[in-house]
Amino acid sequence: MADNTAGESRYNPIETEAKWRRRWAETGLYKRVEDPTRPKHYALTMLPYTSGDLHIGHWYAMAPSDAHARYMRMNGYNVWFPVGFDAFGLPAENAAIKHGIHPFKWTMANIEHMRGQLRAMGAMWDWEHEAITCLPDYYKWTQWFFLKFYERGLAYRAMGPVDFCPTCNTTLAREQVWGEDRHCERCNTPVVKKNLEQWYFRITDYAQQLLDDMAKIEWPERVLAMQENWIGRSEGAHVVFHSEQGDEIPVFTTRPDTLWGATFMVLAPEHPLVDQLTTSEQREAVTEYQLAASRQSEIERLATDKVKTGVFIGAYAVNPVNQSRIPIWTADYVLMGYGTGAIMAVPAHDDRDLAFAIKYGLPVIPVIKRPDGLAKSIVYPGSVREGLAGALHAAGIRYEVGPVDDAGEGLFVSLQGDEQIDRYVQLVHDYLLPGHWAEVVGSRWLFVFADGVRALDSVAADAEILARCQAICPSAADNRTVVEMISRLPFYQDVLYHVEYGEMMSSGRFTGTPGEVAKAKVIAWLEEQGLGHAEVNYRMHDWLISRQRYWGAPIPMIYCDQCGVVPVPYEDLPVLLPEDAEFMPTGESPLKYHAGFVNTTCPKCGGPARRETDTMDTFMCSSWYQYAYVTPYHKGDTPWDLQQGKYWLPVDQYTGGIEHATMHLLYTRFFTKVLRDIGLVDFDEPMKRLFCQGMILGEDNEKMSKSRGNVVNPDDYVRTLGADSVRAFLMFIGPWELGGSWSSTGIEGINRFITRVWNVIIEPPEHPVDGEAAPAQIRELRRWTHQTIREVTADFESFKFNTALAAMMKFNNNLVKAKQTALYGTPAWQEAVSNLVLLMAPIMPHVAEELWERLGQPYSVHEQRWPIYDEELAQDEQITLVIQVNGRVRARLEAPAQISAQEAQALAQAQPNIARALEGQQIVNAIFVPGKLLNLVTR
RNA sequence: GCCGAAGUGGCGGAAUGGUAUACGCGGUGGUCUCAAAAACCACUGGAUGCAGAUCCUUGUGGGUUCGAAUCCCACCUUCGGCACCA
């Protein structure tokens with residue numbers, strides 16, 4: 001019977017979706033209004049780059065974001081969901097070179113196409129506040145910010161080694177250089193080092209605030225962890241060493257408690273003191289090394305075999321805490337870009353220093369006891385009187401017997417703690433034969449000779465012990481240090497060094513200081529003595545913003561031979577990109593060769609001057625776009641209308657990809673703090689809450705790419721199944737933050753669900769039932785309704801769209817059955833279907849609107865209040881009571897939800913299966929979880 | 001090496017101390033049809049069994065608990081970030 005009506009009433013997503021999008025636009029449904037009576041909610045999703053095509057990844061990022069914004073709107077919030085385009089950047093310029101089309105034309109055509117695609121999504125975008133970053137009225141303000149930063153000393157020009165992408169023909173910020181091979185984030189080409197004068201922003205001035213203010217935002221742990229990692233704070237001390245000639249050599253160390261173990265110094269090859277301190281005998285070797293080091297960084301870092309190299313520069317320094325004379329080396333494992341570019345090397349407590357020390361025969365002096373107290377010793381065959389093994393055994397000292405080289409059986413002793421070490425040293429000394437020695441290595445380093453015990457506690461001791469050992473054992477002659485000798489024995493490998501905090505030793509007055517306070521005590525003393533002070537260092541560098549390309553906002557600076565670097569006056573902004581630029585196949589910026597652009601007059605003296613030809617990193621444009629949206633292309637003294645900003649800012653809910661964790665998401669936080677200091681905003685953080693979605697993968701669970709041939713074009717599905725199906729399927733795949741793979745059969749399942757809902761609500765029942773529905777039936781239907789509202793609401797709160805959809809599906813499956821009963825058409829039925837439509841509205845806005853209208857409800861479903869569930873109605877009356885015996889399920893009974901422990905147990909024991917399980921057993925305990933289960937514990 | 005996320009049926013996944021596998025896909029059988037598709041109905045983790053039922057199963061191995069996918073310890077694998085950062 002449905003045959004002749006089906007054609008007419010079957011859901012047609014294509015027509016319906018177009019109809020409602022038109023209606024929404026005509027009625028200005030998503031227009032922004034400032035309404036002080038309602039709490040505002042600024043929802044934002046990362047603005048798309050103007051690539052020209054909205055791919056499935058954009059849908060995956062944006063559709064759930066829209067669904068959540070719609071949910072907030074239905075919850076009474078005055079929601080604003082603006083949209084715009086990140087329009088500067090290389091692809092436009094590459095298109096210009098390749099196809100001879102101007103980047104502006106290319107970009108604007110792409111935007112036109114993408115607007116259509118974005119509209120098809122049916123999102124609640126506010127198009128009236130769209131902003132495009134490449135328009136002069138936008139980048140005027142980007143340049144304005146540059147000048148403000150410059151005024152505050154936050155923008156500076158400096159010469160230095162920078163990362164340069166040979167394919168993109170421009171420098172990059174450190175944040176844009178990725179991976180072990182240090183490749184360009186955009187084009188994957190490994191970068192090269194160049195020495196260039198570039199513009200930087202002092203983001204490092206805000207490093208501490210960027211860390212501290214993490215407490216003020218609800219962002220995913222993983223994003224904050226990545227930023228924390230990137231900022232790389234370490235606490236330590238600034239300590240000043242001196243060369244023998246008296247030159248200051250400051251170092252940064254996180255371990256001032258190991259100062260007494262510093263046995264050499266290392267300067268980065270680019271360190272200015274290298275040239276100054278190198279002696280004439282070493283000059284040639286050092287210069288050669290420096291050259292090799294600079295070449296190496298220019299070639300490629302791919303081969304990071306990490307074998308340490310270095311050269312002695314011939315000079316010595318004095319360890320300020322114990323006055324020992326220590327050699328100065330230069331080596332490329334010390335980086336000029338971190339700390340002071342010089343280190344004190346403590347090989348006993350740092351693996352890199354140890355590797356270097358062993359390779360170059362530099363002494364190793366342990367100054368921190370091992371927290372685990374472990375020490376080891378080898379007793380050589382024939383070096384002791386008989387009976388030592390027995391004595392060790394009696395003393396409770398662990399040892400194993402094994403071959404020592406080819407010399408016979410020796411003892412391999414493991415010691416634990418000072419007491420045992422002392423006891424052992426005593427015993428070995430007692431049993432030691434003349435002309436031999438024994439060593440203790442690990443927590444403490446002791447050398448037992450026939451005439452006494454010598455500790456490895458200084459550079460002098462190292463030489464003395466080595467000489468004595470070599471006198472006893474001629475085969476040790478080629479060793480340069482004690483540790484080099486010891487390091488050849490595999491048994492000692494794991495106790496050669498350690499990096500833990502622990503009790504200080506061989507450290508003069510600090511010997512015996514416990515590990516927990518060692519660092520603080522030493523720093524306090526250094527300050528007292530004027531030798532150094534506490535210092536914090538950050539791994540993060542300043543933000544390099546110069547780009548040697550055309551398609552970006554020109555840096556508004558002028559170079560005058562008379563006046564030097566002069567900022568463009570505010571009233572002269574924007575510095576426009578010349579339209580008649582010529583794009584060269586080399587990729588070099590046309591600005592450099594554009595005489596009309598380059599040549600200008602100095603704003604100060606009026607004389608001839610040159611413009612800066614570099615443009616700004618496009619991350620500049622996106623660092624403040626959330627503010628630009630407030631009043632795009634603002635005509636006034638401020639980048640946006642501050643009054644309107646007061647109402648809307650900051651962003652309440654931001655969403656986007658995690659790949660921006662240490663780029664956009666870091667830069668915009670930095671920007672906001674500067675804007676606050678300028679007085680434009682009165683908050684510290686740009687986005688209160690952030691949610692990062694995962695990645696949408698191809699059907700084969702691999703990244704979508706043209707070469708794999710697994711790219712999904714959303715437009716194809718929008719044309720056949722409709723935008724609602726695409727939206728809902730993307731949200732159904734799995735948890736949004738984890739991403740998931742596309743499935744062409746999966747989306748049909750979603751489409752089936754939408755059709756089933758349609759049929760449940762629109763089609764009359766096939767076999768109408770006469771008579772009244774029973775009260776219990778009605779209660780059950782209402783229970784399903786209110787349980788579903790409860791579940792879906794909780795899921796929306798935590799972005800769990802997949803389970804929200806599952807709950808709606810389950811509910812609809814129940815409605816399919818209920819429809820064939822007398823429940824159809826009852827008030828409870830009406831309640832069920834209208835609530836289902838409301839719950840669907842954020843995810844499937846078009847079909848929900850159509851169903852809402854067909855239910856005879858007033859336009860628009862998107863202006864309705866989100867349903868509120870009734871806790872009482874959602875309560876279960878009957879439950880499945882699980883009966884366990886010793887934790888194993890033995891029966892399931894239908895029982896009233898309120899059943900008591902006693903009733904449950906009586907009911908359970910009446911079950912044959914339970915009775916059998918309990919046979920011959922005694923119940924010692926009964927655990928009852930109301931409404932859930934009864935567990936009978938027997939003996 | 002350090003930091004973070006994850007590991008559950010044939011597949012995507014659900015369940016964060018109490019019925020493991022919700023929901024969906026796929027599969028099998030059926031209804032309708034001349035037939036197919038669509039739609040609808042039923043079944044669908046594995047093993048044993050005619051059945052009642054029993055046993056096994058959440059990366060591996062231990063532990064805590066009346067009870068563990070969930071908490072603790074150790075390990076394995078995959079993915080993401082950082083990495084000679086003193």
# chains A, B, ... in the order shown; residues from 1 in each chain; ligands from 1

$ residues_around --residues "Ala628 (chain A)" --least-positions-apart "6" --cutoff "10 Å" --atoms "only C-alpha atoms (C1' of nucleotides)" --output "short mmCIF file (atom, residue, chain, number, x, y, z; two decimals) with C-alpha atoms, in the first residue's frame"
data_model
loop_
_atom_site.label_atom_id
_atom_site.label_comp_id
_atom_site.auth_asym_id
_atom_site.auth_seq_id
_atom_site.Cartn_x
_atom_site.Cartn_y
_atom_site.Cartn_z
CA GLY A 84 36.94 33.41 6.81
CA HIS A 129 31.70 38.93 9.26
CA GLU A 130 33.82 36.98 6.83
CA ALA A 131 37.47 38.05 6.73
CA ILE A 132 40.05 37.35 4.02
CA THR A 133 43.62 37.83 5.17
CA TYR A 138 42.99 43.14 6.47
CA TRP A 141 46.20 45.71 10.44
CA THR A 142 48.66 42.84 10.27
CA CYS A 621 47.67 36.82 9.73
CA SER A 622 46.06 33.89 11.52
CA HIS A 634 37.79 47.91 10.50
CA PRO A 639 42.05 46.67 14.38
CA TRP A 640 38.47 45.94 15.40
CA ASP A 641 35.62 47.66 17.22
CA GLY A 645 34.92 42.91 21.04
#

$ select_by_dssp --residues "region 596-630 of chain A" --states "helix (DSSP H, G or I)" --output "VMD selection string"
chain A and resid 596 to 598 619 to 622 625 to 628

$ interface_residues --of "chain A" --to "chain B" --cutoff "7 Å" --atoms "only C-alpha atoms (C1' of nucleotides)" --output "PyMOL selection string"
chain A and resi 222+225-226+229+252-253+333+338+343+539+733-734+745-746+749+806+809-810+882+886-887+927+933+935+937

$ residues_around --residues "region 35-43 of chain B" --least-positions-apart "3" --cutoff "12 Å" --atoms "only C-alpha atoms (C1' of nucleotides)" --output "short mmCIF file (atom, residue, chain, number, x, y, z; two decimals) with all heavy atoms, in the first residue's frame"
data_model
loop_
_atom_site.label_atom_id
_atom_site.label_comp_id
_atom_site.auth_asym_id
_atom_site.auth_seq_id
_atom_site.Cartn_x
_atom_site.Cartn_y
_atom_site.Cartn_z
N ALA A 2 2.08 1.08 0.50
CA ALA A 2 2.96 2.25 0.55
C ALA A 2 3.45 2.63 -0.84
O ALA A 2 3.97 3.71 -1.03
CB ALA A 2 4.14 1.98 1.46
N ASP A 3 3.26 1.69 -1.80
CA ASP A 3 3.85 1.87 -3.13
C ASP A 3 3.52 3.20 -3.79
O ASP A 3 4.42 3.90 -4.24
CB ASP A 3 3.41 0.72 -4.05
CG ASP A 3 4.34 -0.46 -3.86
OD1 ASP A 3 5.32 -0.32 -3.07
OD2 ASP A 3 4.11 -1.49 -4.48
N ALA A 6 4.86 6.20 -1.68
CA ALA A 6 6.30 6.26 -1.39
C ALA A 6 7.01 7.28 -2.27
O ALA A 6 7.79 8.08 -1.77
CB ALA A 6 6.92 4.89 -1.58
N ARG A 752 20.53 5.27 5.62
CA ARG A 752 19.43 4.37 5.97
C ARG A 752 18.76 4.84 7.24
O ARG A 752 17.53 4.85 7.35
CB ARG A 752 20.02 2.97 6.17
CG ARG A 752 19.19 1.85 5.64
CD ARG A 752 20.00 0.56 5.61
NE ARG A 752 20.97 0.54 4.51
CZ ARG A 752 22.11 -0.15 4.51
NH1 ARG A 752 22.46 -0.86 5.56
NH2 ARG A 752 22.91 -0.11 3.47
N THR A 755 16.58 7.81 6.56
CA THR A 755 15.36 7.38 5.88
C THR A 755 14.39 6.71 6.86
O THR A 755 13.18 6.90 6.80
CB THR A 755 15.72 6.40 4.75
OG1 THR A 755 16.76 6.99 3.98
CG2 THR A 755 14.53 6.12 3.87
N ARG A 756 14.96 5.91 7.76
CA ARG A 756 14.12 5.21 8.74
C ARG A 756 13.43 6.20 9.66
O ARG A 756 12.26 6.03 10.00
CB ARG A 756 14.95 4.21 9.54
CG ARG A 756 15.15 2.87 8.81
CD ARG A 756 16.35 2.11 9.33
NE ARG A 756 16.20 1.71 10.73
CZ ARG A 756 15.68 0.54 11.11
NH1 ARG A 756 15.26 -0.33 10.22
NH2 ARG A 756 15.59 0.24 12.38
N ASN A 759 10.65 7.74 7.68
CA ASN A 759 9.51 6.84 7.54
C ASN A 759 8.73 6.72 8.84
O ASN A 759 7.50 6.69 8.84
CB ASN A 759 9.96 5.46 7.07
CG ASN A 759 10.48 5.52 5.63
OD1 ASN A 759 10.13 6.44 4.87
ND2 ASN A 759 11.31 4.56 5.26
N GLU A 766 1.76 0.67 8.78
CA GLU A 766 1.24 -0.27 7.79
C GLU A 766 -0.02 -0.96 8.29
O GLU A 766 -0.94 -1.21 7.54
CB GLU A 766 2.31 -1.32 7.46
CG GLU A 766 3.43 -0.76 6.61
CD GLU A 766 4.56 -1.77 6.46
OE1 GLU A 766 4.26 -2.93 6.14
OE2 GLU A 766 5.72 -1.37 6.71
N VAL A 816 10.37 2.30 15.68
CA VAL A 816 9.90 1.50 14.54
C VAL A 816 8.93 0.43 15.05
O VAL A 816 7.87 0.19 14.46
CB VAL A 816 11.09 0.85 13.80
CG1 VAL A 816 10.60 -0.21 12.82
CG2 VAL A 816 11.90 1.92 13.08
N LYS A 817 9.29 -0.18 16.18
CA LYS A 817 8.43 -1.23 16.74
C LYS A 817 7.19 -0.62 17.40
O LYS A 817 6.07 -1.11 17.22
CB LYS A 817 9.20 -2.06 17.77
CG LYS A 817 10.34 -2.84 17.14
CD LYS A 817 10.92 -3.84 18.12
CE LYS A 817 12.10 -4.56 17.50
NZ LYS A 817 13.34 -3.74 17.57
P G B 27 27.87 -8.31 2.52
OP1 G B 27 28.28 -8.68 1.15
OP2 G B 27 26.56 -7.66 2.75
"O5'" G B 27 27.93 -9.60 3.46
"C5'" G B 27 29.04 -10.50 3.36
"C4'" G B 27 28.89 -11.59 4.39
"O4'" G B 27 28.77 -11.00 5.71
"C3'" G B 27 27.64 -12.44 4.25
"O3'" G B 27 27.78 -13.44 3.27
"C2'" G B 27 27.51 -13.02 5.66
"O2'" G B 27 28.42 -14.07 5.89
"C1'" G B 27 27.91 -11.81 6.51
N9 G B 27 26.75 -11.01 6.93
C8 G B 27 26.40 -9.75 6.49
N7 G B 27 25.32 -9.30 7.05
C5 G B 27 24.93 -10.31 7.93
C6 G B 27 23.81 -10.37 8.82
O6 G B 27 22.94 -9.53 9.02
N1 G B 27 23.79 -11.58 9.51
C2 G B 27 24.72 -12.58 9.37
N2 G B 27 24.52 -13.65 10.13
N3 G B 27 25.76 -12.53 8.55
C4 G B 27 25.81 -11.36 7.87
P U B 28 26.52 -13.90 2.42
OP1 U B 28 27.04 -14.75 1.33
OP2 U B 28 25.68 -12.72 2.10
"O5'" U B 28 25.72 -14.81 3.45
"C5'" U B 28 26.29 -16.03 3.94
"C4'" U B 28 25.38 -16.64 4.97
"O4'" U B 28 25.30 -15.75 6.12
"C3'" U B 28 23.93 -16.80 4.54
"O3'" U B 28 23.72 -17.94 3.72
"C2'" U B 28 23.23 -16.90 5.90
"O2'" U B 28 23.42 -18.17 6.50
"C1'" U B 28 23.99 -15.85 6.70
N1 U B 28 23.33 -14.52 6.64
C2 U B 28 22.26 -14.30 7.50
O2 U B 28 21.85 -15.14 8.27
N3 U B 28 21.68 -13.06 7.40
C4 U B 28 22.06 -12.03 6.55
O4 U B 28 21.44 -10.96 6.58
C5 U B 28 23.17 -12.34 5.70
C6 U B 28 23.76 -13.54 5.77
P G B 29 22.59 -17.85 2.58
OP1 G B 29 22.74 -19.08 1.77
OP2 G B 29 22.62 -16.52 1.93
"O5'" G B 29 21.24 -17.94 3.41
"C5'" G B 29 20.88 -19.16 4.06
"C4'" G B 29 19.71 -18.95 4.98
"O4'" G B 29 20.05 -17.93 5.95
"C3'" G B 29 18.45 -18.42 4.32
"O3'" G B 29 17.73 -19.41 3.62
"C2'" G B 29 17.70 -17.90 5.55
"O2'" G B 29 17.14 -18.95 6.32
"C1'" G B 29 18.85 -17.24 6.33
N9 G B 29 18.96 -15.82 5.97
C8 G B 29 19.87 -15.22 5.13
N7 G B 29 19.68 -13.94 5.01
C5 G B 29 18.57 -13.67 5.82
C6 G B 29 17.89 -12.45 6.08
O6 G B 29 18.15 -11.32 5.66
N1 G B 29 16.82 -12.63 6.94
C2 G B 29 16.45 -13.84 7.49
N2 G B 29 15.38 -13.83 8.30
N3 G B 29 17.07 -14.98 7.26
C4 G B 29 18.12 -14.83 6.42
P G B 30 16.85 -18.93 2.36
OP1 G B 30 16.28 -20.16 1.77
OP2 G B 30 17.65 -18.01 1.53
"O5'" G B 30 15.68 -18.08 3.02
"C5'" G B 30 14.61 -18.75 3.68
"C4'" G B 30 13.77 -17.76 4.45
"O4'" G B 30 14.62 -16.79 5.11
"C3'" G B 30 12.85 -16.88 3.61
"O3'" G B 30 11.68 -17.58 3.21
"C2'" G B 30 12.55 -15.76 4.61
"O2'" G B 30 11.61 -16.16 5.59
"C1'" G B 30 13.92 -15.56 5.27
N9 G B 30 14.67 -14.48 4.63
C8 G B 30 15.81 -14.57 3.87
N7 G B 30 16.24 -13.40 3.45
C5 G B 30 15.33 -12.49 3.96
C6 G B 30 15.27 -11.07 3.85
O6 G B 30 16.04 -10.32 3.25
N1 G B 30 14.16 -10.55 4.51
C2 G B 30 13.25 -11.29 5.21
N2 G B 30 12.25 -10.61 5.80
N3 G B 30 13.29 -12.61 5.34
C4 G B 30 14.35 -13.13 4.69
P U B 31 10.94 -17.15 1.87
OP1 U B 31 9.88 -18.17 1.61
OP2 U B 31 11.95 -16.86 0.82
"O5'" U B 31 10.22 -15.79 2.27
"C5'" U B 31 9.15 -15.78 3.22
"C4'" U B 31 8.66 -14.36 3.40
"O4'" U B 31 9.74 -13.54 3.91
"C3'" U B 31 8.22 -13.66 2.12
"O3'" U B 31 6.90 -14.00 1.77
"C2'" U B 31 8.35 -12.19 2.52
"O2'" U B 31 7.25 -11.76 3.29
"C1'" U B 31 9.61 -12.21 3.40
N1 U B 31 10.85 -11.86 2.66
C2 U B 31 11.08 -10.52 2.39
O2 U B 31 10.31 -9.64 2.71
N3 U B 31 12.25 -10.26 1.73
C4 U B 31 13.20 -11.18 1.32
O4 U B 31 14.21 -10.79 0.74
C5 U B 31 12.88 -12.54 1.63
C6 U B 31 11.75 -12.83 2.27
P C B 32 6.53 -14.25 0.22
OP1 C B 32 5.11 -14.67 0.19
OP2 C B 32 7.58 -15.11 -0.39
"O5'" C B 32 6.65 -12.79 -0.40
"C5'" C B 32 5.73 -11.75 -0.01
"C4'" C B 32 6.18 -10.45 -0.59
"O4'" C B 32 7.48 -10.09 -0.03
"C3'" C B 32 6.43 -10.46 -2.09
"O3'" C B 32 5.22 -10.27 -2.81
"C2'" C B 32 7.39 -9.29 -2.27
"O2'" C B 32 6.73 -8.05 -2.27
"C1'" C B 32 8.25 -9.40 -1.00
N1 C B 32 9.51 -10.15 -1.22
C2 C B 32 10.62 -9.46 -1.73
O2 C B 32 10.51 -8.26 -2.00
N3 C B 32 11.77 -10.14 -1.94
C4 C B 32 11.85 -11.43 -1.66
N4 C B 32 13.00 -12.06 -1.87
C5 C B 32 10.75 -12.16 -1.14
C6 C B 32 9.60 -11.49 -0.94
#

$ closest_residue --among "A:Arg186, A:Arg233, A:Arg549, A:Arg283" --to "Leu211 (chain A)" --atoms "only C-alpha atoms"
A:Arg233

$ residues_around --residues "Asp572 (chain A)" --least-positions-apart "5" --cutoff "10 Å" --atoms "only C-alpha atoms (C1' of nucleotides)" --output "list in words"
Lys140, Pro556 and Pro603 of chain A

$ closest_residue --among "A:Ala661, A:Val861, A:Ile696, A:Val240" --to "Trp736 (chain A)" --atoms "only C-alpha atoms"
A:Ile696

$ residues_around --residues "region 826-829 of chain A" --least-positions-apart "3" --cutoff "8 Å" --atoms "only C-alpha atoms (C1' of nucleotides)" --output "NGL selection string"
:A and (778 or 781-782 or 822-823 or 832-833)

$ select_by_dssp --residues "region 647-722 of chain A" --states "strand (DSSP E)" --output "list in words"
Val651, Asp652, Gln653, Tyr654, Thr655, Gly656, Gly657, Met687, Lys688, Arg689, Leu690, Phe691, Cys692, Gln693, Ile696 and Leu697 of chain A

$ write_last_selection --atoms "N, CA and C atoms" --output "JSON list (two decimals), in the first residue's frame"
[["chain", "number", "residue", "atom", "x", "y", "z"],
["A", 651, "VAL", "N", 37.36, 33.81, 22.40],
["A", 651, "VAL", "CA", 36.73, 32.63, 21.82],
["A", 651, "VAL", "C", 36.38, 31.67, 22.96],
["A", 652, "ASP", "N", 35.15, 31.16, 22.95],
["A", 652, "ASP", "CA", 34.75, 30.23, 24.01],
["A", 652, "ASP", "C", 35.11, 28.80, 23.66],
["A", 653, "GLN", "N", 34.87, 28.45, 22.40],
["A", 653, "GLN", "CA", 35.17, 27.07, 22.01],
["A", 653, "GLN", "C", 35.87, 27.07, 20.67],
["A", 654, "TYR", "N", 37.10, 26.61, 20.67],
["A", 654, "TYR", "CA", 37.88, 26.55, 19.45],
["A", 654, "TYR", "C", 38.07, 25.10, 19.08],
["A", 655, "THR", "N", 38.10, 24.81, 17.78],
["A", 655, "THR", "CA", 38.39, 23.44, 17.35],
["A", 655, "THR", "C", 39.34, 23.50, 16.17],
["A", 656, "GLY", "N", 40.11, 22.45, 16.01],
["A", 656, "GLY", "CA", 41.04, 22.42, 14.89],
["A", 656, "GLY", "C", 42.02, 21.28, 15.02],
["A", 657, "GLY", "N", 42.93, 21.24, 14.07],
["A", 657, "GLY", "CA", 43.87, 20.11, 13.99],
["A", 657, "GLY", "C", 45.05, 20.28, 14.93],
["A", 687, "MET", "N", 41.65, 31.55, 23.51],
["A", 687, "MET", "CA", 40.61, 30.54, 23.39],
["A", 687, "MET", "C", 40.47, 29.77, 24.69],
["A", 688, "LYS", "N", 39.29, 29.91, 25.31],
["A", 688, "LYS", "CA", 39.11, 29.29, 26.62],
["A", 688, "LYS", "C", 39.15, 27.77, 26.55],
["A", 689, "ARG", "N", 38.43, 27.24, 25.56],
["A", 689, "ARG", "CA", 38.41, 25.79, 25.42],
["A", 689, "ARG", "C", 38.85, 25.43, 24.02],
["A", 690, "LEU", "N", 39.56, 24.32, 23.93],
["A", 690, "LEU", "CA", 40.03, 23.85, 22.63],
["A", 690, "LEU", "C", 39.71, 22.37, 22.53],
["A", 691, "PHE", "N", 39.29, 21.97, 21.36],
["A", 691, "PHE", "CA", 39.12, 20.54, 21.10],
["A", 691, "PHE", "C", 39.84, 20.25, 19.80],
["A", 692, "CYS", "N", 40.72, 19.23, 19.80],
["A", 692, "CYS", "CA", 41.44, 18.89, 18.59],
["A", 692, "CYS", "C", 40.92, 17.59, 18.01],
["A", 693, "GLN", "N", 40.45, 17.67, 16.78],
["A", 693, "GLN", "CA", 39.96, 16.45, 16.16],
["A", 693, "GLN", "C", 41.12, 15.62, 15.63],
["A", 696, "ILE", "N", 41.00, 12.26, 9.42],
["A", 696, "ILE", "CA", 40.14, 11.35, 8.66],
["A", 696, "ILE", "C", 41.02, 10.63, 7.64],
["A", 697, "LEU", "N", 40.94, 9.31, 7.66],
["A", 697, "LEU", "CA", 41.80, 8.51, 6.79],
["A", 697, "LEU", "C", 40.97, 7.92, 5.66]]

$ closest_residue --among "A:Thr309, A:Ser324, A:Ser546, A:Asn751" --to "Thr618 (chain A)" --atoms "only C-alpha atoms"
A:Ser546

$ residues_around --residues "Asp332 (chain A)" --least-positions-apart "6" --cutoff "10 Å" --atoms "only C-alpha atoms (C1' of nucleotides)" --output "NGL selection string"
(:A and (266-270 or 289-290 or 292-294 or 296-297 or 308-311)) or (:B and (84))

$ write_last_selection --atoms "N, CA and C atoms (P, O5', C5', C4', C3', O3' and C1' of nucleotides)" --output "short mmCIF file (atom, residue, chain, number, x, y, z; two decimals), in the first residue's frame"
data_model
loop_
_atom_site.label_atom_id
_atom_site.label_comp_id
_atom_site.auth_asym_id
_atom_site.auth_seq_id
_atom_site.Cartn_x
_atom_site.Cartn_y
_atom_site.Cartn_z
N VAL A 266 83.58 22.81 27.05
CA VAL A 266 83.38 22.71 25.61
C VAL A 266 82.66 23.96 25.11
N LEU A 267 83.22 24.58 24.07
CA LEU A 267 82.59 25.72 23.42
C LEU A 267 82.04 25.28 22.08
N ALA A 268 80.89 25.86 21.72
CA ALA A 268 80.35 25.60 20.38
C ALA A 268 81.35 26.12 19.36
N PRO A 269 81.45 25.49 18.18
CA PRO A 269 82.44 25.93 17.19
C PRO A 269 82.26 27.39 16.79
N GLU A 270 81.01 27.90 16.86
CA GLU A 270 80.77 29.30 16.47
C GLU A 270 80.98 30.25 17.64
N TYR A 289 88.41 22.43 12.09
CA TYR A 289 87.23 21.85 12.72
C TYR A 289 86.01 22.77 12.58
N GLN A 290 86.26 24.07 12.81
CA GLN A 290 85.17 25.04 12.71
C GLN A 290 84.59 25.03 11.30
N ALA A 292 84.70 22.59 9.11
CA ALA A 292 83.99 21.33 8.89
C ALA A 292 82.61 21.39 9.55
N ALA A 293 82.58 21.98 10.73
CA ALA A 293 81.32 22.05 11.46
C ALA A 293 80.31 22.92 10.73
N SER A 294 80.78 24.05 10.20
CA SER A 294 79.86 24.96 9.51
C SER A 294 79.39 24.33 8.21
N GLN A 296 79.13 21.16 7.66
CA GLN A 296 78.26 20.04 7.99
C GLN A 296 76.83 20.52 8.21
N SER A 297 76.68 21.62 8.92
CA SER A 297 75.33 22.09 9.18
C SER A 297 74.69 22.59 7.90
N LYS A 308 80.65 11.71 18.55
CA LYS A 308 81.11 13.03 18.98
C LYS A 308 82.51 13.32 18.50
N THR A 309 82.65 14.55 18.00
CA THR A 309 83.97 14.99 17.56
C THR A 309 84.28 16.31 18.23
N GLY A 310 85.54 16.67 18.28
CA GLY A 310 85.94 17.93 18.87
C GLY A 310 87.43 18.11 18.81
N VAL A 311 87.86 19.32 19.16
CA VAL A 311 89.29 19.64 19.11
C VAL A 311 89.66 20.44 20.36
P C B 84 69.20 17.43 18.95
"O5'" C B 84 70.34 17.02 19.98
"C5'" C B 84 70.19 15.92 20.84
"C4'" C B 84 71.36 15.85 21.79
"C3'" C B 84 71.75 17.20 22.40
"O3'" C B 84 72.15 17.01 23.75
"C1'" C B 84 73.59 16.25 21.24
#

$ residues_around --residues "region 515-531 of chain A" --least-positions-apart "5" --cutoff "9 Å" --atoms "only C-alpha atoms (C1' of nucleotides)" --output "list in words"
Gly236, Ala237, His238, Val239, Val240, Phe241, Thr254, Arg255, Pro256, Asp257, Thr258, Leu259, Pro320, Val321, Ile368, Lys369, Pro371, Glu500, Tyr501, Gly502, Glu503, Met504 and Phe510 of chain A

$ atom_distance --atom1 "CA of Ala794 (chain A)" --atom2 "CA of Met808 (chain A)"
12.9 Å

$ closest_residue --among "A:Leu354, A:Ala910, A:Val718, A:Ile231" --to "Glu175 (chain A)" --atoms "only C-alpha atoms"
A:Ile231
